[in-house]
Structures are given as structure tokens and as C-alpha cells.
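> Just protein.txt, nothing more (compact mmCIF, C-alpha atoms and all ligand atoms):
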# COMPACT_ATOMS: atom_id res chain seq x y z
CA MET A 909 189.18 281.68 208.13
CA HIS A 910 187.45 278.56 206.72
CA VAL A 911 187.72 275.52 208.97
CA LEU A 912 186.77 271.96 207.96
CA ILE A 913 186.38 269.42 210.78
CA THR A 914 185.99 265.72 210.00
CA GLY A 915 184.29 264.03 212.93
CA GLY A 916 183.08 267.48 214.00
CA ALA A 917 179.98 266.19 215.81
CA GLY A 918 182.15 264.08 218.08
CA PHE A 919 183.68 265.01 221.41
CA ILE A 920 186.88 266.85 220.48
CA GLY A 921 185.58 267.90 217.04
CA SER A 922 182.49 269.67 218.39
CA ASN A 923 184.61 271.59 220.90
CA ILE A 924 186.95 272.67 218.08
CA ALA A 925 183.90 273.82 216.09
CA GLN A 926 182.65 275.94 218.99
CA PHE A 927 186.06 277.51 219.47
CA HIS A 928 186.32 278.59 215.82
CA LEU A 929 182.76 279.91 215.63
CA LYS A 930 183.54 282.09 218.64
CA GLN A 931 186.60 283.40 216.80
CA GLY A 932 184.34 284.45 213.91
CA ASP A 933 185.52 281.70 211.53
CA LYS A 934 183.33 279.75 209.13
CA VAL A 935 183.08 276.10 210.12
CA HIS A 936 182.14 273.07 207.99
CA VAL A 937 181.57 269.83 209.87
CA VAL A 938 181.32 266.40 208.29
CA ASP A 939 180.36 263.46 210.48
CA ASN A 940 178.62 260.14 209.86
CA LEU A 941 177.16 260.26 213.40
CA SER A 942 178.52 256.80 214.21
CA THR A 943 179.90 258.02 217.54
CA GLY A 944 179.34 261.74 217.00
CA GLN A 945 175.95 263.08 218.07
CA LEU A 946 173.65 265.75 216.66
CA LYS A 947 173.08 267.15 220.13
CA ASN A 948 176.77 268.17 220.24
CA ILE A 949 176.25 270.59 217.35
CA GLU A 950 172.56 271.47 217.77
CA GLU A 951 173.13 275.05 218.89
CA MET A 952 175.74 275.64 216.22
CA LEU A 953 173.31 274.47 213.53
CA GLN A 954 171.29 277.64 214.18
CA THR A 955 174.20 279.93 213.28
CA SER A 956 174.97 281.18 209.79
CA ASN A 957 178.72 280.45 209.88
CA PHE A 958 178.16 276.74 210.40
CA ILE A 959 177.61 274.05 207.76
CA PHE A 960 176.95 270.40 208.59
CA ASP A 961 177.01 267.37 206.29
CA GLU A 962 176.00 263.99 207.61
CA ALA A 963 178.33 261.84 205.54
CA ASP A 964 181.02 259.21 205.77
CA ILE A 965 184.41 260.52 204.68
CA LEU A 966 185.12 257.13 203.11
CA VAL A 967 182.56 257.84 200.38
CA TRP A 968 181.54 261.50 200.75
CA ASP A 969 181.41 262.91 197.22
CA ALA A 970 181.87 266.54 198.31
CA LEU A 971 185.15 265.89 200.12
CA GLU A 972 187.41 267.50 197.52
CA LYS A 973 185.20 270.58 197.29
CA ALA A 974 185.15 270.94 201.09
CA VAL A 975 188.92 270.53 201.24
CA SER A 976 189.55 273.17 198.59
CA TRP A 977 187.31 275.59 200.54
CA ALA A 978 189.22 275.10 203.81
CA ASP A 979 192.18 277.12 205.11
CA ARG A 980 192.54 274.74 208.01
CA ILE A 981 191.41 271.11 208.45
CA TYR A 982 191.12 269.09 211.65
CA HIS A 983 190.92 265.35 210.97
CA MET A 984 189.11 263.90 213.98
CA ALA A 985 186.88 261.32 212.24
CA ALA A 986 187.72 257.82 213.49
CA VAL A 987 186.35 254.74 215.18
CA VAL A 988 187.23 255.44 218.84
CA GLY A 989 186.65 254.18 222.40
CA VAL A 990 187.98 250.96 223.92
CA PHE A 991 184.56 249.21 223.83
CA ARG A 992 184.11 249.96 220.13
CA VAL A 993 187.66 249.04 219.26
CA LEU A 994 187.29 245.65 220.95
CA HIS A 995 183.93 244.99 219.29
CA GLU A 996 184.87 246.23 215.81
CA PRO A 997 188.54 245.25 215.42
CA ILE A 998 188.43 245.14 211.63
CA SER A 999 186.45 248.29 211.03
CA VAL A 1000 188.74 250.29 213.31
CA LEU A 1001 191.67 249.49 211.04
CA ALA A 1002 189.84 249.75 207.73
CA THR A 1003 187.92 252.93 208.52
CA ASN A 1004 190.64 254.85 210.28
CA ILE A 1005 193.30 254.18 207.68
CA ALA A 1006 191.13 254.53 204.57
CA GLY A 1007 189.43 257.70 205.85
CA CYS A 1008 192.73 259.40 206.54
CA GLU A 1009 194.22 258.31 203.23
CA ARG A 1010 191.20 259.60 201.29
CA LEU A 1011 191.42 262.97 203.03
CA LEU A 1012 195.15 263.31 202.32
CA ARG A 1013 194.61 262.38 198.69
CA ALA A 1014 191.86 264.99 198.38
CA MET A 1015 194.14 267.63 199.91
CA HIS A 1016 196.97 266.70 197.61
CA LYS A 1017 194.70 266.94 194.59
CA SER A 1018 192.88 270.14 195.43
CA ARG A 1019 194.80 272.30 197.84
CA TRP A 1020 198.36 271.89 199.10
CA ASP A 1021 198.63 274.98 201.29
CA THR A 1022 195.91 274.03 203.79
CA LYS A 1023 197.02 273.37 207.37
CA LEU A 1024 196.04 269.87 208.57
CA ILE A 1025 195.86 268.94 212.25
CA MET A 1026 195.56 265.14 212.47
CA ALA A 1027 194.36 263.22 215.53
CA SER A 1028 196.56 260.39 216.76
CA THR A 1029 196.70 258.89 220.22
CA SER A 1030 198.86 258.12 223.23
CA GLU A 1031 197.81 254.49 222.66
CA VAL A 1032 200.60 254.29 220.07
CA TYR A 1033 203.13 254.18 222.94
CA GLY A 1034 201.63 250.81 223.88
CA ASN A 1035 202.38 249.12 227.15
CA ARG A 1036 205.76 249.55 228.77
CA PRO A 1037 207.14 248.87 232.23
CA GLY A 1038 207.88 251.68 234.67
CA ASN A 1039 206.48 255.17 234.77
CA GLU A 1040 208.65 257.04 232.33
CA ALA A 1041 206.99 260.08 230.74
CA LEU A 1042 206.16 259.22 227.14
CA HIS A 1043 207.99 261.36 224.61
CA GLU A 1044 207.56 261.74 220.89
CA GLU A 1045 210.91 260.21 219.89
CA MET A 1046 210.44 257.01 221.89
CA GLU A 1047 210.44 253.54 220.34
CA LEU A 1048 206.88 252.28 220.11
CA HIS A 1049 205.53 249.00 221.44
CA VAL A 1050 202.42 248.00 219.53
CA LYS A 1051 201.69 244.51 218.41
CA PRO A 1052 199.05 243.13 216.09
CA GLY A 1053 197.35 239.85 216.85
CA HIS A 1054 195.04 238.30 219.34
CA ASN A 1055 194.71 241.34 221.57
CA THR A 1056 192.65 243.66 219.41
CA ARG A 1057 193.02 246.64 221.74
CA TRP A 1058 196.13 247.48 219.74
CA ASN A 1059 194.24 247.72 216.44
CA TYR A 1060 193.39 251.30 217.34
CA SER A 1061 197.05 252.24 217.85
CA ILE A 1062 198.02 250.39 214.69
CA SER A 1063 195.43 252.33 212.68
CA LYS A 1064 196.61 255.61 214.14
CA LEU A 1065 200.27 254.76 213.53
CA ALA A 1066 199.43 254.08 209.91
CA ASP A 1067 197.69 257.47 209.80
CA GLU A 1068 200.76 259.14 211.32
CA ALA A 1069 203.01 257.52 208.72
CA LEU A 1070 200.64 258.53 205.92
CA GLY A 1071 200.40 262.11 207.14
CA LEU A 1072 204.15 262.54 207.58
CA SER A 1073 204.83 260.95 204.19
CA TYR A 1074 202.48 263.41 202.47
CA ALA A 1075 204.10 266.22 204.45
CA HIS A 1076 207.62 265.25 203.36
CA GLU A 1077 206.88 264.10 199.83
CA TYR A 1078 204.60 266.97 198.81
CA LYS A 1079 205.63 269.68 201.29
CA MET A 1080 202.16 269.71 202.77
CA ASP A 1081 201.55 271.48 206.09
CA ILE A 1082 200.59 268.62 208.42
CA THR A 1083 200.86 268.22 212.20
CA VAL A 1084 200.14 264.97 214.04
CA ILE A 1085 198.71 265.19 217.57
CA ARG A 1086 198.99 262.38 220.11
CA PHE A 1087 196.13 262.98 222.54
CA PHE A 1088 196.38 261.87 226.19
CA ASN A 1089 193.07 261.27 228.04
CA VAL A 1090 191.10 264.34 227.01
CA VAL A 1091 187.90 265.01 229.00
CA GLY A 1092 185.10 267.57 229.06
CA PRO A 1093 181.70 268.50 227.64
CA ASN A 1094 180.22 266.30 224.86
CA GLN A 1095 182.26 263.22 225.78
CA THR A 1096 180.10 260.13 226.07
CA GLY A 1097 180.77 257.19 228.36
CA LYS A 1098 179.07 254.78 225.96
CA TYR A 1099 182.32 253.56 224.43
CA GLY A 1100 184.25 253.18 227.68
CA MET A 1101 185.65 256.62 228.60
CA VAL A 1102 186.00 256.73 232.34
CA VAL A 1103 185.19 260.32 233.37
CA PRO A 1104 181.71 260.63 231.77
CA ARG A 1105 180.90 257.13 233.05
CA PHE A 1106 181.82 257.99 236.63
CA VAL A 1107 179.92 261.31 236.50
CA LYS A 1108 176.78 259.60 235.21
CA GLN A 1109 177.01 256.76 237.72
CA ALA A 1110 177.65 259.12 240.64
CA LEU A 1111 174.73 261.41 239.81
CA ALA A 1112 172.39 258.43 239.51
CA ASP A 1113 173.72 257.03 242.84
CA GLU A 1114 174.54 253.85 240.92
CA PRO A 1115 177.64 251.71 241.58
CA MET A 1116 180.76 253.34 240.20
CA THR A 1117 182.68 250.77 238.18
CA VAL A 1118 186.44 250.89 238.76
CA PHE A 1119 188.09 248.39 236.41
CA GLY A 1120 190.90 246.30 237.93
CA ASP A 1121 192.09 247.45 241.37
CA GLY A 1122 192.01 251.15 240.46
CA SER A 1123 195.76 251.64 240.91
CA GLN A 1124 196.25 252.43 237.21
CA ILE A 1125 197.28 256.04 236.59
CA ARG A 1126 196.21 258.59 233.98
CA ALA A 1127 196.67 262.34 233.46
CA PHE A 1128 193.48 264.02 232.23
CA THR A 1129 193.23 267.28 230.27
CA ASP A 1130 190.20 269.45 229.64
CA VAL A 1131 189.16 269.63 226.01
CA ARG A 1132 188.93 273.44 226.17
CA ASP A 1133 192.63 273.62 226.99
CA VAL A 1134 193.31 271.08 224.26
CA VAL A 1135 191.44 273.14 221.65
CA ASN A 1136 193.48 276.23 222.56
CA MET A 1137 196.69 274.24 222.22
CA LEU A 1138 195.65 272.86 218.83
CA ASN A 1139 194.92 276.37 217.58
CA LEU A 1140 198.30 277.67 218.75
CA LEU A 1141 200.04 274.69 217.15
CA ALA A 1142 198.20 275.30 213.89
CA GLU A 1143 199.32 278.94 213.95
CA ASN A 1144 202.98 278.07 214.53
CA PRO A 1145 204.82 277.11 211.30
CA GLN A 1146 207.35 275.17 213.40
CA SER A 1147 204.70 272.54 214.16
CA SER A 1148 204.64 271.51 210.51
CA GLY A 1149 205.73 267.91 209.85
CA GLU A 1150 205.90 267.20 213.60
CA ILE A 1151 204.34 264.67 215.97
CA ILE A 1152 203.27 266.41 219.18
CA ASN A 1153 201.94 265.09 222.51
CA VAL A 1154 198.97 267.04 223.86
CA GLY A 1155 197.84 266.44 227.43
CA SER A 1156 198.74 267.28 231.01
CA THR A 1157 201.04 265.83 233.65
CA HIS A 1158 198.61 266.02 236.56
CA GLU A 1159 198.40 262.32 237.44
CA ILE A 1160 195.69 260.49 239.35
CA THR A 1161 194.85 256.85 240.03
CA ILE A 1162 191.46 255.67 238.75
CA LYS A 1163 190.47 254.81 242.34
CA ALA A 1164 191.22 258.39 243.44
CA LEU A 1165 189.32 259.66 240.40
CA ALA A 1166 186.24 257.64 241.44
CA GLU A 1167 186.48 259.07 244.96
CA MET A 1168 186.88 262.59 243.62
CA VAL A 1169 183.82 262.32 241.35
CA LYS A 1170 181.74 260.72 244.11
CA ASP A 1171 182.73 263.44 246.55
CA ARG A 1172 182.10 266.36 244.19
CA ALA A 1173 178.74 264.95 243.08
CA LYS A 1174 177.77 264.43 246.75
CA SER A 1175 176.83 260.94 245.68
CA SER A 1176 175.91 257.93 247.77
CA SER A 1177 177.19 255.51 245.08
CA ASP A 1178 179.26 252.51 246.08
CA ILE A 1179 182.66 252.29 244.44
CA THR A 1180 182.83 248.78 243.00
CA TYR A 1181 185.73 246.89 241.48
CA VAL A 1182 185.12 245.08 238.22
CA SER A 1183 187.67 242.66 236.77
CA TYR A 1184 189.09 243.46 233.33
CA GLU A 1185 187.70 240.17 232.12
CA GLU A 1186 184.21 241.24 233.11
CA ALA A 1187 184.67 244.78 231.82
CA TYR A 1188 186.27 244.17 228.46
CA GLY A 1189 186.70 240.44 227.80
CA VAL A 1190 189.53 238.00 228.51
CA ASP A 1191 192.19 239.36 226.19
CA PHE A 1192 192.32 242.85 227.54
CA GLU A 1193 195.73 244.32 228.34
CA GLU A 1194 195.62 247.35 230.62
CA ILE A 1195 198.06 250.24 230.48
CA TYR A 1196 198.99 250.84 234.10
CA HIS A 1197 200.70 254.17 233.89
CA ARG A 1198 200.38 256.79 231.22
CA LYS A 1199 201.77 260.27 231.34
CA PRO A 1200 203.12 262.50 228.59
CA GLU A 1201 206.34 264.44 228.19
CA LEU A 1202 205.09 267.88 227.16
CA ALA A 1203 208.27 269.88 226.46
CA LYS A 1204 207.51 270.05 222.74
CA VAL A 1205 203.96 271.40 222.98
CA LYS A 1206 205.11 273.88 225.64
CA ARG A 1207 207.95 275.11 223.44
CA LEU A 1208 205.67 275.50 220.43
CA THR A 1209 202.68 277.11 222.19
CA GLY A 1210 203.82 278.52 225.55
CA TYR A 1211 200.35 277.52 226.75
CA ALA A 1212 199.60 276.74 230.41
CA VAL A 1213 196.43 274.71 231.05
CA LYS A 1214 193.61 276.62 232.76
CA TRP A 1215 191.29 273.79 233.79
CA SER A 1216 192.04 271.66 236.84
CA LEU A 1217 190.49 268.18 236.93
CA GLU A 1218 188.30 269.30 239.85
CA ASP A 1219 186.94 272.23 237.82
CA THR A 1220 186.23 270.01 234.82
CA ILE A 1221 184.39 267.48 236.99
CA ASP A 1222 182.34 270.24 238.66
CA ASP A 1223 181.45 271.62 235.24
CA LEU A 1224 180.42 268.18 233.93
CA ILE A 1225 178.28 267.57 237.02
CA ALA A 1226 176.56 270.97 236.63
CA ARG A 1227 175.88 270.35 232.92
CA GLN A 1228 174.43 266.90 233.56
CA ILE A 1229 172.14 268.23 236.33
CA ASN A 1230 171.09 271.10 234.08
CA ARG A 1231 170.29 268.75 231.19
CA LYS A 1232 168.17 266.55 233.45
CA GLY A 1233 166.33 269.57 234.85
CA LYS A 1234 165.19 270.68 231.39
N1 LIG B 1 187.93 252.61 233.57
C1 LIG B 1 187.29 252.28 234.78
N2 LIG B 1 185.94 252.25 234.80
C2 LIG B 1 185.17 252.55 233.71
C3 LIG B 1 185.82 252.91 232.50
C4 LIG B 1 187.20 252.92 232.47
O1 LIG B 1 187.95 252.01 235.78
O2 LIG B 1 183.92 252.50 233.84
C5 LIG B 1 189.41 252.67 233.56
C6 LIG B 1 190.08 251.97 232.39
O3 LIG B 1 190.27 250.60 232.66
C7 LIG B 1 191.41 252.72 232.30
C8 LIG B 1 191.03 254.14 232.75
O4 LIG B 1 189.80 254.03 233.43
O5 LIG B 1 192.33 252.22 233.23
C9 LIG B 1 190.88 255.12 231.59
O6 LIG B 1 190.00 254.53 230.66
P1 LIG B 1 189.55 255.26 229.33
O7 LIG B 1 188.85 254.26 228.46
O8 LIG B 1 188.83 256.53 229.68
O9 LIG B 1 190.94 255.71 228.67
P2 LIG B 1 192.26 254.86 228.27
O10 LIG B 1 192.12 253.45 228.74
O11 LIG B 1 192.34 255.00 226.81
O12 LIG B 1 193.36 255.58 228.99
Please lay out the structure from this file as C-alpha cells.


Amino acid sequence: MHVLITGGAGFIGSNIAQFHLKQGDKVHVVDNLSTGQLKNIEEMLQTSNFIFDEADILVWDALEKAVSWADRIYHMAAVVGVFRVLHEPISVLATNIAGCERLLRAMHKSRWDTKLIMASTSEVYGNRPGNEALHEEMELHVKPGHNTRWNYSISKLADEALGLSYAHEYKMDITVIRFFNVVGPNQTGKYGMVVPRFVKQALADEPMTVFGDGSQIRAFTDVRDVVNMLNLLAENPQSSGEIINVGSTHEITIKALAEMVKDRAKSSSDITYVSYEEAYGVDFEEIYHRKPELAKVKRLTGYAVKWSLEDTIDDLIARQINRKGK
């Protein structure tokens, strides 16, 4: 099979690339390396089934050709990470929407039968009171304006609407994925993601920065489980034209996460509490509780996650120590 991955040098994209190379597929990655990193695909670059183009999908002139070559496309290219979203509120909207639209247009023009897996986000559920599991049919609470955190969700909602409109209008085979706190190898903490930040801080015996009082709750999922789920969804025709949550329901507070990472890294770091204002800027609005309803992905894949959070953290610690030792 021929697999095209936009944003394939990024965190989730590079893990998808590895998965498909292992399956014996041919993989073409396009990435502008804005948040993606060459080191994520370095080993793959040595293999004959892997092609890489450093290009921006907004202007890449070989997009149509790459699309017509592909049997399956994963659209992962986007401006991501809370820090980046807050610092680049306009580019997050412009890039994410225009990139997705250009890809869909190229698919429509050159090849209608390709399967497209599109990345969206649990951020589209916005902030809501209580701790109800978030399900795909729920009303959404995003609001444009002063608080630019929501620009990311707005861009992804526009992408969802675009993707589903192409799917319905032109009978294209498109599935939208709402990711919930994915973690694992190749994720960088540079743009705010909590797990790689805690692992790095703990191993350096530096203060671990819990934002707020640490009572906020997330459910983390290992990217290797996520990649398996995406593949099963892509193989199931019933996923076509659907929006699907992908994540896990194993919840943890951020304070408990910091303690877990500290403990497993045998670190002497202090756990420190940083106000949201200090961490992100005055207008930041935290999501206190986020957990997915996963009935749909379970029905469509039958997949049970294999990685516990403890195992993922141990693996990340071992990789970081290994990298330093080299
Ligand atoms: N967070 C934290 N310390 C950090 C980075 C993040 O306490 O150094 C918190 C953040 O405020 C949020 C949670 O960890 O409550 C998850 O943050 P992340 O950016 O990884 O994901 P998201 O906010 O999108 O769920």
C-alpha cells in the first residue's frame, strides 16, 4: 500500500510512518519542519520504502502528484501545541484551514477513492462544567474572541466541516479523528505538552512545573495504541464519513502525573505550582476535566489499548537516558 502522511515528521505522523514501514508499505512524508523534526524520521530516511519532502502543504507543488500516488492519506500537518497556538493565533487558523482545504481539493481533483484519516482534536468540545464523558454527538462550546486558545479548536472544527462536506458531496472516503491527550516517543515538550516536559524536568532534577493547582484531569493514551486504532479505523468501511474519538478513559490528575513521573524517574525534583497567568498569559482558560466516550471507536475497531501510562512513562525515561548516553 502507498501511504502519504502530511506532518509526517511530527509526533503522531512519525509514529504512523514507522507503523506502515513495518507493515511493508511505501510511505511518503511531507513536512515543513515547523514543529516536526528531522530526528523523528532519521532512521526511516535510510530505508528504500520511505520518501521525504521538506515542504509546506500550503504551497507544495507536488501535492496533487503525491495524492494521486497514495492509497491512504493521513492529514496530520497543523500548527499545534498550546504555547504555539497562543503565540500564533492568526497563523493557527490560516494554516490549519487552508492546508486542509488544499489537500481536499487535490484529492477531489486527482483521486477520489483514497482513504483520508484527518486529525481533529478533543479541544473542539471546549470547556464545560461537570465531568461528563465527551461524546461525538455532543453540542460544542467553542468561542472566538479574546481568548485565543480556542483558535485551535475553531480551525479544527472548520477542517471537520470541510472534510465531512467533501465526504458527503463527492462520496469521498474520509474519517475525522478527535484525539485526546496522546503521548509517547517523538513528542516534544517545547510547545507545552505536559508528559515530555515532566519527563525532561524529572531527569534533569529540575523543578517540575504543575500549572494551576494540579487538580485538572486528563486521560492519556500511548501513540502506539493510537496508530493501531487509526489503522483499524482506516480498514473499516463503516468509519467513512464519521467523526471518531480516539483516546483512553484512564484518568489522572496532573498533580498525580507529576508524582508518578518523579517517582519512576527516581528524581529529586521539586514539584512546583505555577499560576496559569505565569505559564500561559492572563487570558488562559483551563479545561479542568477531559475524558472521552469511546464506544464508537471500540465498536469500529474492537481494539483494547496495550500501553499503560506507567509503561509509557518508563519507556520515555529509558529513551531519554539512552539518547543522553550516546
Ligand atoms: N501542564 C502542566 N505543566 C506543564 C505543561 C502542562 O501542569 O509544564 C498542564 C496543562 O495546564 C494541562 C495539562 O497539563 O492542564 C495537559 O496539558 P497539555 O498541553 O499536555 O494538553 P491539553 O491542555 O491540550 O490537555

> Pick out the residues no farther than 6 Å from ligand LIG 1 (chain B), counting all atoms listed in the file, and list them as a PDB file with C-alpha atoms, in the frame of the given file.


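Contents of result_39.pdb, as written:
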ATOM      1  CA  VAL A 990     187.980 250.960 223.920  1.00  0.00           C
ATOM      2  CA  ASN A1089     193.070 261.270 228.040  1.00  0.00           C
ATOM      3  CA  GLY A1100     184.250 253.180 227.680  1.00  0.00           C
ATOM      4  CA  MET A1101     185.650 256.620 228.600  1.00  0.00           C
ATOM      5  CA  VAL A1102     186.000 256.730 232.340  1.00  0.00           C
ATOM      6  CA  ARG A1105     180.900 257.130 233.050  1.00  0.00           C
ATOM      7  CA  THR A1117     182.680 250.770 238.180  1.00  0.00           C
ATOM      8  CA  VAL A1118     186.440 250.890 238.760  1.00  0.00           C
ATOM      9  CA  PHE A1119     188.090 248.390 236.410  1.00  0.00           C
ATOM     10  CA  GLN A1124     196.250 252.430 237.210  1.00  0.00           C
ATOM     11  CA  ILE A1162     191.460 255.670 238.750  1.00  0.00           C
TER      12      ILE A1162
END

> At what distance in Å, to one decimal, does CA of Glu1186 in chain A lie from CA of Glu1167 in chain A?

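Atom-to-atom, CA of Glu1167 in chain A and CA of Glu1186 in chain A are spaced 21.5 Å apart.
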
> Between CA of Leu994 in chain A and CA of Tyr1188 in chain A, what is the distance in Å, rounded to a tenth?

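Separation between CA of Leu994 in chain A and CA of Tyr1188 in chain A: 7.7 Å.
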
> Contacts of range 1063-1076 of chain A at 7 Å or less, counting all atoms listed in the file, minus same-chain residues fewer than 2 places along, as number ranges by chain?

A: 1001, 1004-1005, 1008-1009, 1028-1029, 1032, 1059-1061, 1078-1082, 1084, 1149

> Please provide as a ChimeraX atom specification all residues within 12 Å of Met952 in chain A, with the sequence filter that same-chain residues fewer than 2 positions apart are discarded (counting only C-alpha atoms).

/A:916-917,922-930,934-937,946-950,954-960

> Where's the centre, and what are the edge lengths in Å to one decimal, of a box along x, y and z enclosing all listed atoms of range 966-974 of chain A padded 3 Å per side, as JSON?


{"center_x": 184.4, "center_y": 264.0, "center_z": 200.2, "size_x": 12.0, "size_y": 19.8, "size_z": 11.9}

> Please provide as a VMD selection string all residues within 9 Å of Lys1170 in chain A, with the sequence filter that same-chain residues fewer than 4 positions apart are discarded (counting only C-alpha atoms).

chain A and resid 1106 to 1107 1109 to 1111 1113 1116 1165 to 1166 1174 to 1179

> Once you count all atoms listed in the file, what closest atom pair and distance in Å to one decimal does each residue of range 1038-1092 of chain A within 7 Å of range 1152-1157 of chain A have, with rows by chain and rising residue number, as a Markdown table?


| residue | atom | partner | partner_atom | distance |
| --- | --- | --- | --- | --- |
| A:Glu1044 | CA | A:Ile1152 | CA | 6.6 |
| A:Val1084 | CA | A:Ile1152 | CA | 6.2 |
| A:Ile1085 | CA | A:Ile1152 | CA | 5.0 |
| A:Arg1086 | CA | A:Asn1153 | CA | 4.7 |
| A:Phe1087 | CA | A:Val1154 | CA | 5.1 |
| A:Phe1088 | CA | A:Gly1155 | CA | 5.0 |

> Within 12 Å of range 966-971 of chain A, counting all atoms listed in the file, which residues qualify if same-chain residues fewer than 3 places away don't, as an MDAnalysis selection string?

chainID A and resid 912:914 936:940 961:963 974:978 981 985:986 999 1002:1015 1017:1019

> Which value, in Å to one decimal, gives the distance between CA of Ala1164 in chain A and CA of Glu1114 in chain A?

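Answer for the CA of Ala1164 in chain A to CA of Glu1114 in chain A separation: 17.5 Å.
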
> Rebuild N, CA, C and O atoms on range 1005-1026 of chain A, as a tab-separated table (two decimals), in the coordinates of the input?


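Output file part.tsv follows:
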chain	number	residue	atom	x	y	z
A	1005	ILE	N	192.22	254.01	208.65
A	1005	ILE	CA	193.30	254.18	207.68
A	1005	ILE	C	192.75	254.72	206.35
A	1005	ILE	O	193.26	255.70	205.79
A	1006	ALA	N	191.66	254.11	205.88
A	1006	ALA	CA	191.13	254.53	204.57
A	1006	ALA	C	190.60	255.97	204.62
A	1006	ALA	O	190.78	256.73	203.67
A	1007	GLY	N	189.98	256.34	205.73
A	1007	GLY	CA	189.43	257.70	205.85
A	1007	GLY	C	190.54	258.74	205.79
A	1007	GLY	O	190.45	259.74	205.08
A	1008	CYS	N	191.61	258.47	206.51
A	1008	CYS	CA	192.73	259.40	206.54
A	1008	CYS	C	193.40	259.50	205.17
A	1008	CYS	O	193.71	260.59	204.68
A	1009	GLU	N	193.56	258.35	204.54
A	1009	GLU	CA	194.22	258.31	203.23
A	1009	GLU	C	193.39	259.08	202.19
A	1009	GLU	O	193.92	259.85	201.40
A	1010	ARG	N	192.07	258.91	202.27
A	1010	ARG	CA	191.20	259.60	201.29
A	1010	ARG	C	191.26	261.13	201.49
A	1010	ARG	O	191.30	261.88	200.52
A	1011	LEU	N	191.32	261.53	202.74
A	1011	LEU	CA	191.42	262.97	203.03
A	1011	LEU	C	192.74	263.54	202.50
A	1011	LEU	O	192.78	264.58	201.85
A	1012	LEU	N	193.84	262.83	202.77
A	1012	LEU	CA	195.15	263.31	202.32
A	1012	LEU	C	195.22	263.39	200.80
A	1012	LEU	O	195.75	264.34	200.23
A	1013	ARG	N	194.61	262.38	200.15
A	1013	ARG	CA	194.61	262.38	198.69
A	1013	ARG	C	193.82	263.58	198.16
A	1013	ARG	O	194.22	264.25	197.21
A	1014	ALA	N	192.69	263.86	198.81
A	1014	ALA	CA	191.86	264.99	198.38
A	1014	ALA	C	192.62	266.30	198.57
A	1014	ALA	O	192.58	267.21	197.72
A	1015	MET	N	193.36	266.41	199.67
A	1015	MET	CA	194.14	267.63	199.91
A	1015	MET	C	195.24	267.77	198.86
A	1015	MET	O	195.48	268.85	198.33
A	1016	HIS	N	195.88	266.66	198.58
A	1016	HIS	CA	196.97	266.70	197.61
A	1016	HIS	C	196.47	267.12	196.24
A	1016	HIS	O	197.11	267.87	195.51
A	1017	LYS	N	195.27	266.66	195.91
A	1017	LYS	CA	194.70	266.94	194.59
A	1017	LYS	C	194.20	268.37	194.48
A	1017	LYS	O	194.37	269.03	193.46
A	1018	SER	N	193.58	268.87	195.60
A	1018	SER	CA	192.88	270.14	195.43
A	1018	SER	C	193.53	271.34	196.09
A	1018	SER	O	193.36	272.46	195.65
A	1019	ARG	N	194.25	271.11	197.16
A	1019	ARG	CA	194.80	272.30	197.84
A	1019	ARG	C	195.96	271.92	198.76
A	1019	ARG	O	195.78	271.32	199.81
A	1020	TRP	N	197.17	272.31	198.37
A	1020	TRP	CA	198.36	271.89	199.10
A	1020	TRP	C	198.69	272.80	200.28
A	1020	TRP	O	199.45	272.41	201.16
A	1021	ASP	N	198.18	274.01	200.28
A	1021	ASP	CA	198.63	274.98	201.29
A	1021	ASP	C	197.78	274.97	202.56
A	1021	ASP	O	198.02	275.74	203.48
A	1022	THR	N	196.77	274.09	202.61
A	1022	THR	CA	195.91	274.03	203.79
A	1022	THR	C	196.66	273.41	204.96
A	1022	THR	O	197.39	272.44	204.78
A	1023	LYS	N	196.42	273.95	206.16
A	1023	LYS	CA	197.02	273.37	207.37
A	1023	LYS	C	196.17	272.18	207.82
A	1023	LYS	O	194.95	272.31	207.97
A	1024	LEU	N	196.79	271.03	208.05
A	1024	LEU	CA	196.04	269.87	208.57
A	1024	LEU	C	196.54	269.51	209.96
A	1024	LEU	O	197.73	269.26	210.18
A	1025	ILE	N	195.59	269.46	210.90
A	1025	ILE	CA	195.86	268.94	212.25
A	1025	ILE	C	195.22	267.55	212.30
A	1025	ILE	O	194.01	267.41	212.15
A	1026	MET	N	196.05	266.53	212.50
A	1026	MET	CA	195.56	265.14	212.47
A	1026	MET	C	195.54	264.52	213.86
A	1026	MET	O	196.54	264.61	214.58
